[in-house]
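**Q** The structure file final08.cif (mmCIF, C-alpha atoms) is provided below.
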```cif
data_input
#
loop_
_atom_site.label_atom_id
_atom_site.label_comp_id
_atom_site.auth_asym_id
_atom_site.auth_seq_id
_atom_site.Cartn_x
_atom_site.Cartn_y
_atom_site.Cartn_z
CA MET N 1321 -49.19 25.59 131.90
CA ALA N 1322 -45.94 27.15 130.65
CA ASP N 1323 -43.80 24.12 131.63
CA GLU N 1324 -46.22 21.69 130.01
CA ILE N 1325 -45.63 19.53 126.95
CA SER N 1326 -46.13 21.53 123.76
CA ILE N 1327 -49.25 20.71 121.77
CA HIS N 1328 -48.65 23.37 119.10
CA ASP N 1329 -49.47 21.87 115.68
CA ASN N 1330 -50.67 18.64 117.28
CA ARG N 1331 -53.60 16.97 115.54
CA VAL N 1332 -56.61 16.09 117.69
CA TYR N 1333 -57.57 12.61 116.49
CA ALA N 1334 -60.22 12.02 119.17
CA TYR N 1335 -61.67 13.41 122.34
CA ASN N 1336 -63.45 11.68 125.16
CA VAL N 1337 -65.91 13.04 127.72
CA ASP N 1338 -66.39 10.98 130.88
CA CYS N 1339 -69.50 12.53 132.44
CA ASP N 1340 -69.46 10.40 135.61
CA ASN N 1341 -65.85 11.24 136.43
CA ARG N 1342 -66.12 14.81 135.08
CA THR N 1343 -63.08 14.51 132.81
CA LEU N 1344 -62.53 15.52 129.20
CA THR N 1345 -59.51 14.22 127.30
CA LEU N 1346 -58.18 15.51 124.00
CA HIS N 1347 -56.12 12.77 122.33
CA THR N 1348 -53.45 14.41 120.17
CA VAL N 1349 -50.48 13.50 118.02
CA TYR N 1350 -47.59 15.47 116.59
CA PRO N 1351 -47.16 13.56 113.30
CA HIS N 1352 -44.23 15.52 111.85
CA ARG N 1353 -41.40 13.39 113.28
CA GLU N 1354 -40.63 9.79 113.99
CA PRO N 1355 -41.43 8.43 116.38
CA ARG N 1356 -44.70 10.33 116.55
CA GLU N 1357 -45.40 12.25 119.76
CA TRP N 1358 -48.68 11.19 121.39
CA THR N 1359 -50.07 13.55 124.04
CA ASP N 1360 -53.32 13.53 126.00
CA VAL N 1361 -54.67 16.82 127.34
CA ILE N 1362 -56.79 15.97 130.37
CA PHE N 1363 -59.24 18.39 131.98
CA GLN N 1364 -60.28 17.48 135.55
CA SER N 1365 -63.50 18.33 137.41
CA VAL N 1366 -65.14 19.64 134.24
CA VAL N 1367 -68.08 21.95 134.80
CA ALA N 1368 -68.85 22.66 131.14
CA HIS N 1369 -67.26 22.70 127.71
CA HIS N 1370 -68.16 23.96 124.26
CA PHE N 1371 -66.45 23.05 120.99
CA ASP N 1372 -67.09 24.33 117.48
CA HIS N 1373 -65.75 23.43 114.04
CA VAL N 1374 -64.80 19.82 114.84
CA LEU N 1375 -63.28 18.26 111.73
CA GLN N 1376 -61.69 14.97 110.79
CA SER N 1377 -58.33 16.75 110.96
CA ASN N 1378 -58.11 19.27 113.83
CA ILE N 1379 -54.83 21.11 114.34
CA LEU N 1380 -54.22 22.78 117.70
CA TYR N 1381 -52.53 26.12 118.06
CA ASP N 1382 -52.53 26.20 121.87
CA ILE N 1383 -54.58 25.75 125.03
CA THR N 1384 -54.36 28.68 127.40
CA GLU N 1385 -55.95 29.66 130.68
CA MET N 1386 -58.17 32.73 130.49
CA ASP N 1387 -60.12 34.80 133.01
CA VAL N 1388 -63.39 33.09 134.02
CA GLU N 1389 -65.32 36.37 134.07
CA ALA N 1390 -64.08 37.22 130.57
CA LEU N 1391 -65.25 33.83 129.27
CA VAL N 1392 -68.69 34.19 130.89
CA LYS N 1393 -69.03 37.67 129.39
CA GLU N 1394 -67.80 36.49 125.96
CA GLN N 1395 -70.29 33.60 126.04
CA SER N 1396 -73.18 35.61 127.52
CA ASN N 1397 -75.67 34.49 124.86
CA LEU N 1398 -74.93 30.84 125.57
CA PHE N 1399 -74.94 31.14 129.38
CA GLY N 1400 -77.89 33.55 129.38
CA ASP N 1401 -80.30 30.79 128.37
CA SER N 1402 -78.57 27.56 129.30
CA TRP N 1403 -79.31 27.86 133.03
CA ARG N 1404 -82.88 26.73 132.22
CA PHE N 1405 -81.38 23.34 131.31
CA ALA N 1406 -79.16 23.21 134.43
CA TRP N 1407 -76.07 23.82 132.29
CA PRO N 1408 -73.60 24.40 133.61
CA PHE N 1409 -74.66 22.62 136.78
CA VAL N 1410 -74.36 25.80 138.86
CA GLU N 1411 -77.23 27.69 140.49
CA TYR N 1412 -77.27 31.15 138.87
CA LYS N 1413 -80.78 31.67 137.39
CA GLY N 1414 -79.39 33.56 134.40
CA ASP N 1415 -77.37 36.04 136.50
CA LEU N 1416 -74.00 35.96 134.72
CA GLY N 1417 -72.26 37.83 137.54
CA ALA N 1418 -73.42 35.17 140.00
CA LEU N 1419 -72.24 32.44 137.62
CA ALA N 1420 -68.76 33.95 137.32
CA GLN N 1421 -68.46 34.47 141.09
CA THR N 1422 -69.61 30.92 141.88
CA LEU N 1423 -67.12 29.47 139.40
CA LYS N 1424 -64.27 31.52 140.88
CA LYS N 1425 -65.32 30.66 144.44
CA ASN N 1426 -65.15 26.98 143.50
CA PHE N 1427 -61.69 27.39 141.90
CA VAL N 1428 -62.95 26.66 138.39
CA LYS N 1429 -60.60 27.83 135.64
CA ALA N 1430 -61.39 28.71 132.04
CA TYR N 1431 -59.30 27.15 129.28
CA CYS N 1432 -59.38 28.45 125.72
CA VAL N 1433 -58.75 25.82 123.02
CA ASP N 1434 -57.34 27.60 119.96
CA SER N 1435 -56.75 25.87 116.67
CA SER N 1436 -55.13 26.48 113.33
CA LEU N 1437 -57.76 24.24 111.75
CA GLY N 1438 -60.94 22.71 113.11
CA LEU N 1439 -61.79 22.12 116.75
CA SER N 1440 -61.87 25.23 118.89
CA GLY N 1441 -63.72 26.32 121.99
CA TRP N 1442 -63.33 26.32 125.75
CA VAL N 1443 -63.48 24.17 128.88
CA LEU N 1444 -64.42 25.15 132.44
CA ALA N 1445 -62.55 22.81 134.79
CA SER N 1446 -60.51 22.72 137.99
CA GLY N 1447 -57.33 21.78 136.16
CA CYS N 1448 -55.62 20.70 132.98
CA THR N 1449 -52.65 18.38 132.54
CA ARG N 1450 -50.76 17.08 129.53
CA ARG N 1451 -49.53 13.51 129.54
CA SER N 1452 -47.25 11.82 127.00
CA ARG N 1453 -48.11 8.33 125.88
CA ALA N 1454 -46.07 5.73 124.01
CA GLU N 1455 -48.69 5.10 121.33
CA GLN N 1456 -52.10 6.14 120.07
CA ALA N 1457 -54.95 5.78 122.56
CA VAL N 1458 -57.11 2.71 122.10
CA LEU N 1459 -60.62 3.98 121.56
CA PRO N 1460 -63.90 2.03 121.72
#
```
Take the structure in this file and express it as structure tokens.
**A**
Amino acid sequence: MADEISIHDNRVYAYNVDCDNRTLTLHTVYPHREPREWTDVIFQSVVAHHFDHVLQSNILYDITEMDVEALVKEQSNLFGDSWRFAWPFVEYKGDLGALAQTLKKNFVKAYCVDSSLGLSGWVLASGCTRRSRAEQAVLP
């Protein structure tokens, strides 16, 4: 992701989860210059995501790829019980080692969403791209 569009200090004004198509999009803007820079961060083949501290004004620090096993270990309390609800939709029966191995075998990556203010968390997905747009996304 090093050659990607910078989203440092971008404000997340909306995010969209498309369950059927397994995509999650963070709609962001860098409002500190004219014209404003509008960027969508799109996660493909999403397996699971978890966000905390969502505010009206969320300011991103960065989105980085992290080790899948490290994320599963870090989130052991969450993953330890969530298998009972088929989340994530991976057969692991509470065995966190099996979860991590299945995710890696299926080429799932872990993305850490860090913020300076507000929205933070992680996404398990096959990929992540950043796409510039000419104007703010039209939301329903």
**Q** Using the chain letters and numbering of this document, enumerate as a list in words the residues selected by the PyMOL selection byres ((chain N and resi 1437) around 12).
**A** His1328, Asp1329, Asn1330, Arg1331, Val1332, Asp1372, His1373, Val1374, Leu1375, Gln1376, Ser1377, Asn1378, Ile1379, Leu1380, Tyr1381, Asp1382, Val1433, Asp1434, Ser1435, Ser1436, Gly1438, Leu1439 and Ser1440 of chain N
**Q** Mind giving me the straight-line distance from atom CA of N:Glu1411 to atom CA of N:Tyr1431 in Å, one decimal?
**A**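 If I compute the distance from atom CA of N:Glu1411 to atom CA of N:Tyr1431, I get 21.2 Å.
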**Q** Residues picked by the PyMOL selection byres ((chain N and resi 1459) around 9) here, as an mmCIF file with C-alpha atoms, in the coordinates of the input?
**A**
```
data_model
loop_
_atom_site.group_PDB
_atom_site.id
_atom_site.type_symbol
_atom_site.label_atom_id
_atom_site.label_comp_id
_atom_site.auth_asym_id
_atom_site.auth_seq_id
_atom_site.Cartn_x
_atom_site.Cartn_y
_atom_site.Cartn_z
ATOM 1 C CA ALA N 1334 -60.220 12.020 119.170
ATOM 2 C CA ASN N 1336 -63.450 11.680 125.160
ATOM 3 C CA GLN N 1456 -52.100 6.140 120.070
ATOM 4 C CA ALA N 1457 -54.950 5.780 122.560
ATOM 5 C CA VAL N 1458 -57.110 2.710 122.100
ATOM 6 C CA PRO N 1460 -63.900 2.030 121.720
#
```
**Q** Go through the shown structure with the PyMOL selection byres ((chain N and resi 1365) around 8) and write out the matching residues as a PyMOL selection string.
**A** chain N and resi 1341-1343+1363-1364+1366-1367+1445-1447
**Q** Residues within 12 Å of N:Phe1409, please, as a PDB file with C-alpha atoms, keeping the file's coordinate frame. Count only C-alpha atoms; anything in the same chain fewer than 5 positions from it doesn't count.
**A**
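around_20.pdb written:
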```
ATOM      1  CA  ARG N1342     -66.120  14.810 135.080  1.00  0.00           C
ATOM      2  CA  SER N1365     -63.500  18.330 137.410  1.00  0.00           C
ATOM      3  CA  VAL N1366     -65.140  19.640 134.240  1.00  0.00           C
ATOM      4  CA  VAL N1367     -68.080  21.950 134.800  1.00  0.00           C
ATOM      5  CA  ALA N1368     -68.850  22.660 131.140  1.00  0.00           C
ATOM      6  CA  HIS N1369     -67.260  22.700 127.710  1.00  0.00           C
ATOM      7  CA  PHE N1399     -74.940  31.140 129.380  1.00  0.00           C
ATOM      8  CA  SER N1402     -78.570  27.560 129.300  1.00  0.00           C
ATOM      9  CA  TRP N1403     -79.310  27.860 133.030  1.00  0.00           C
ATOM     10  CA  ARG N1404     -82.880  26.730 132.220  1.00  0.00           C
ATOM     11  CA  LEU N1419     -72.240  32.440 137.620  1.00  0.00           C
ATOM     12  CA  THR N1422     -69.610  30.920 141.880  1.00  0.00           C
ATOM     13  CA  LEU N1423     -67.120  29.470 139.400  1.00  0.00           C
ATOM     14  CA  LEU N1444     -64.420  25.150 132.440  1.00  0.00           C
TER      15      LEU N1444
END
```
**Q** Considering only C-alpha atoms, state which residue in the set N:Ile1325, N:Val1337, N:Met1386, N:Val1428 is at the smallest distance from N:Thr1359.
**A**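 The shortest atom-to-atom distance to N:Thr1359 comes from N:Ile1325.
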**Q** Output as JSON the centre and edge lengths (Å, one decimal) of the box along x, y and z of the file that holds every listed atom of stretch 1382-1390 of chain N after adding 6 Å on each side.
**A**
```
{"center_x": -58.9, "center_y": 31.5, "center_z": 128.0, "size_x": 24.8, "size_y": 23.5, "size_z": 24.2}
```
**Q** Neighbourhood query: residues within 9 Å of (-56.4, 16.9, 131.2), file coordinates, counting only C-alpha atoms; return as a PyMOL selection string.
**A** chain N and resi 1343-1346+1360-1364+1447-1451
**Q** Please, what distance in Å, to one decimal, runs between atom CA of N:Asp1387 and atom CA of N:Gly1441?
**A**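 Spanning atom CA of N:Asp1387 to atom CA of N:Gly1441 is a straight-line distance of 14.4 Å.
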**Q** Between atom CA of N:Leu1391 and atom CA of N:Trp1358, what is the distance in Å, rounded to a tenth?
**A**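 Distance reported for this atom pair: 29.1 Å.
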**Q** With 12 Å as the threshold, what does the neighbourhood of (-69.0, 37.0, 134.9) contain in terms of residues, counting all atoms listed in the file? Coordinates are those of the file; answer as a list in words.
**A**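 Counting all atoms listed in the file, I find these residues within 12 Å of (-69.0, 37.0, 134.9): Asp1387, Val1388, Glu1389, Ala1390, Leu1391, Val1392, Lys1393, Glu1394, Gln1395, Ser1396, Phe1399, Gly1400, Tyr1412, Gly1414, Asp1415, Leu1416, Gly1417, Ala1418, Leu1419, Ala1420, Gln1421, Thr1422, Leu1423, Lys1424 and Ala1430 of chain N.
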**Q** Please rebuild stretch 1399-1421 of chain N with N, CA and C atoms and return the result as a PDB file, in the frame of the given file.
**A**
```
ATOM      1  N   PHE N1399     -74.652  31.308 127.959  1.00  0.00           N
ATOM      2  CA  PHE N1399     -74.940  31.140 129.380  1.00  0.00           C
ATOM      3  C   PHE N1399     -76.252  31.817 129.791  1.00  0.00           C
ATOM      4  N   GLY N1400     -76.672  32.828 129.041  1.00  0.00           N
ATOM      5  CA  GLY N1400     -77.890  33.550 129.380  1.00  0.00           C
ATOM      6  C   GLY N1400     -79.131  32.684 129.340  1.00  0.00           C
ATOM      7  N   ASP N1401     -79.149  31.679 128.489  1.00  0.00           N
ATOM      8  CA  ASP N1401     -80.300  30.790 128.370  1.00  0.00           C
ATOM      9  C   ASP N1401     -80.068  29.387 128.917  1.00  0.00           C
ATOM     10  N   SER N1402     -78.847  28.963 128.982  1.00  0.00           N
ATOM     11  CA  SER N1402     -78.570  27.560 129.300  1.00  0.00           C
ATOM     12  C   SER N1402     -78.888  27.190 130.749  1.00  0.00           C
ATOM     13  N   TRP N1403     -79.005  28.160 131.630  1.00  0.00           N
ATOM     14  CA  TRP N1403     -79.310  27.860 133.030  1.00  0.00           C
ATOM     15  C   TRP N1403     -80.654  27.140 133.155  1.00  0.00           C
ATOM     16  N   ARG N1404     -81.557  27.370 132.204  1.00  0.00           N
ATOM     17  CA  ARG N1404     -82.880  26.730 132.220  1.00  0.00           C
ATOM     18  C   ARG N1404     -82.760  25.206 132.061  1.00  0.00           C
ATOM     19  N   PHE N1405     -81.640  24.761 131.525  1.00  0.00           N
ATOM     20  CA  PHE N1405     -81.380  23.340 131.310  1.00  0.00           C
ATOM     21  C   PHE N1405     -80.358  22.800 132.311  1.00  0.00           C
ATOM     22  N   ALA N1406     -80.117  23.578 133.383  1.00  0.00           N
ATOM     23  CA  ALA N1406     -79.160  23.210 134.430  1.00  0.00           C
ATOM     24  C   ALA N1406     -77.748  23.025 133.876  1.00  0.00           C
ATOM     25  N   TRP N1407     -77.423  23.859 132.877  1.00  0.00           N
ATOM     26  CA  TRP N1407     -76.070  23.820 132.290  1.00  0.00           C
ATOM     27  C   TRP N1407     -75.487  25.210 132.291  1.00  0.00           C
ATOM     28  N   PRO N1408     -74.313  25.401 132.809  1.00  0.00           N
ATOM     29  CA  PRO N1408     -73.600  24.400 133.610  1.00  0.00           C
ATOM     30  C   PRO N1408     -74.344  24.123 134.911  1.00  0.00           C
ATOM     31  N   PHE N1409     -73.968  23.057 135.573  1.00  0.00           N
ATOM     32  CA  PHE N1409     -74.660  22.620 136.780  1.00  0.00           C
ATOM     33  C   PHE N1409     -74.254  23.507 137.952  1.00  0.00           C
ATOM     34  N   VAL N1410     -74.655  24.778 137.854  1.00  0.00           N
ATOM     35  CA  VAL N1410     -74.360  25.800 138.860  1.00  0.00           C
ATOM     36  C   VAL N1410     -75.630  26.620 139.016  1.00  0.00           C
ATOM     37  N   GLU N1411     -76.026  26.899 140.239  1.00  0.00           N
ATOM     38  CA  GLU N1411     -77.230  27.690 140.490  1.00  0.00           C
ATOM     39  C   GLU N1411     -76.919  29.170 140.240  1.00  0.00           C
ATOM     40  N   TYR N1412     -77.498  29.726 139.150  1.00  0.00           N
ATOM     41  CA  TYR N1412     -77.270  31.150 138.870  1.00  0.00           C
ATOM     42  C   TYR N1412     -78.472  31.860 138.249  1.00  0.00           C
ATOM     43  N   LYS N1413     -79.510  31.118 137.889  1.00  0.00           N
ATOM     44  CA  LYS N1413     -80.780  31.670 137.390  1.00  0.00           C
ATOM     45  C   LYS N1413     -80.599  32.763 136.342  1.00  0.00           C
ATOM     46  N   GLY N1414     -79.611  32.605 135.484  1.00  0.00           N
ATOM     47  CA  GLY N1414     -79.390  33.560 134.400  1.00  0.00           C
ATOM     48  C   GLY N1414     -78.570  34.775 134.776  1.00  0.00           C
ATOM     49  N   ASP N1415     -78.190  34.915 136.046  1.00  0.00           N
ATOM     50  CA  ASP N1415     -77.370  36.040 136.500  1.00  0.00           C
ATOM     51  C   ASP N1415     -75.901  35.714 136.213  1.00  0.00           C
ATOM     52  N   LEU N1416     -75.357  36.305 135.149  1.00  0.00           N
ATOM     53  CA  LEU N1416     -74.000  35.960 134.720  1.00  0.00           C
ATOM     54  C   LEU N1416     -72.938  36.364 135.735  1.00  0.00           C
ATOM     55  N   GLY N1417     -73.187  37.437 136.473  1.00  0.00           N
ATOM     56  CA  GLY N1417     -72.260  37.830 137.540  1.00  0.00           C
ATOM     57  C   GLY N1417     -72.197  36.766 138.626  1.00  0.00           C
ATOM     58  N   ALA N1418     -73.366  36.235 138.987  1.00  0.00           N
ATOM     59  CA  ALA N1418     -73.420  35.170 140.000  1.00  0.00           C
ATOM     60  C   ALA N1418     -72.724  33.914 139.486  1.00  0.00           C
ATOM     61  N   LEU N1419     -72.914  33.609 138.205  1.00  0.00           N
ATOM     62  CA  LEU N1419     -72.240  32.440 137.620  1.00  0.00           C
ATOM     63  C   LEU N1419     -70.728  32.592 137.730  1.00  0.00           C
ATOM     64  N   ALA N1420     -70.208  33.729 137.294  1.00  0.00           N
ATOM     65  CA  ALA N1420     -68.760  33.950 137.320  1.00  0.00           C
ATOM     66  C   ALA N1420     -68.223  33.882 138.750  1.00  0.00           C
ATOM     67  N   GLN N1421     -68.923  34.483 139.700  1.00  0.00           N
ATOM     68  CA  GLN N1421     -68.460  34.470 141.090  1.00  0.00           C
ATOM     69  C   GLN N1421     -68.485  33.066 141.684  1.00  0.00           C
TER      70      GLN N1421
END
```
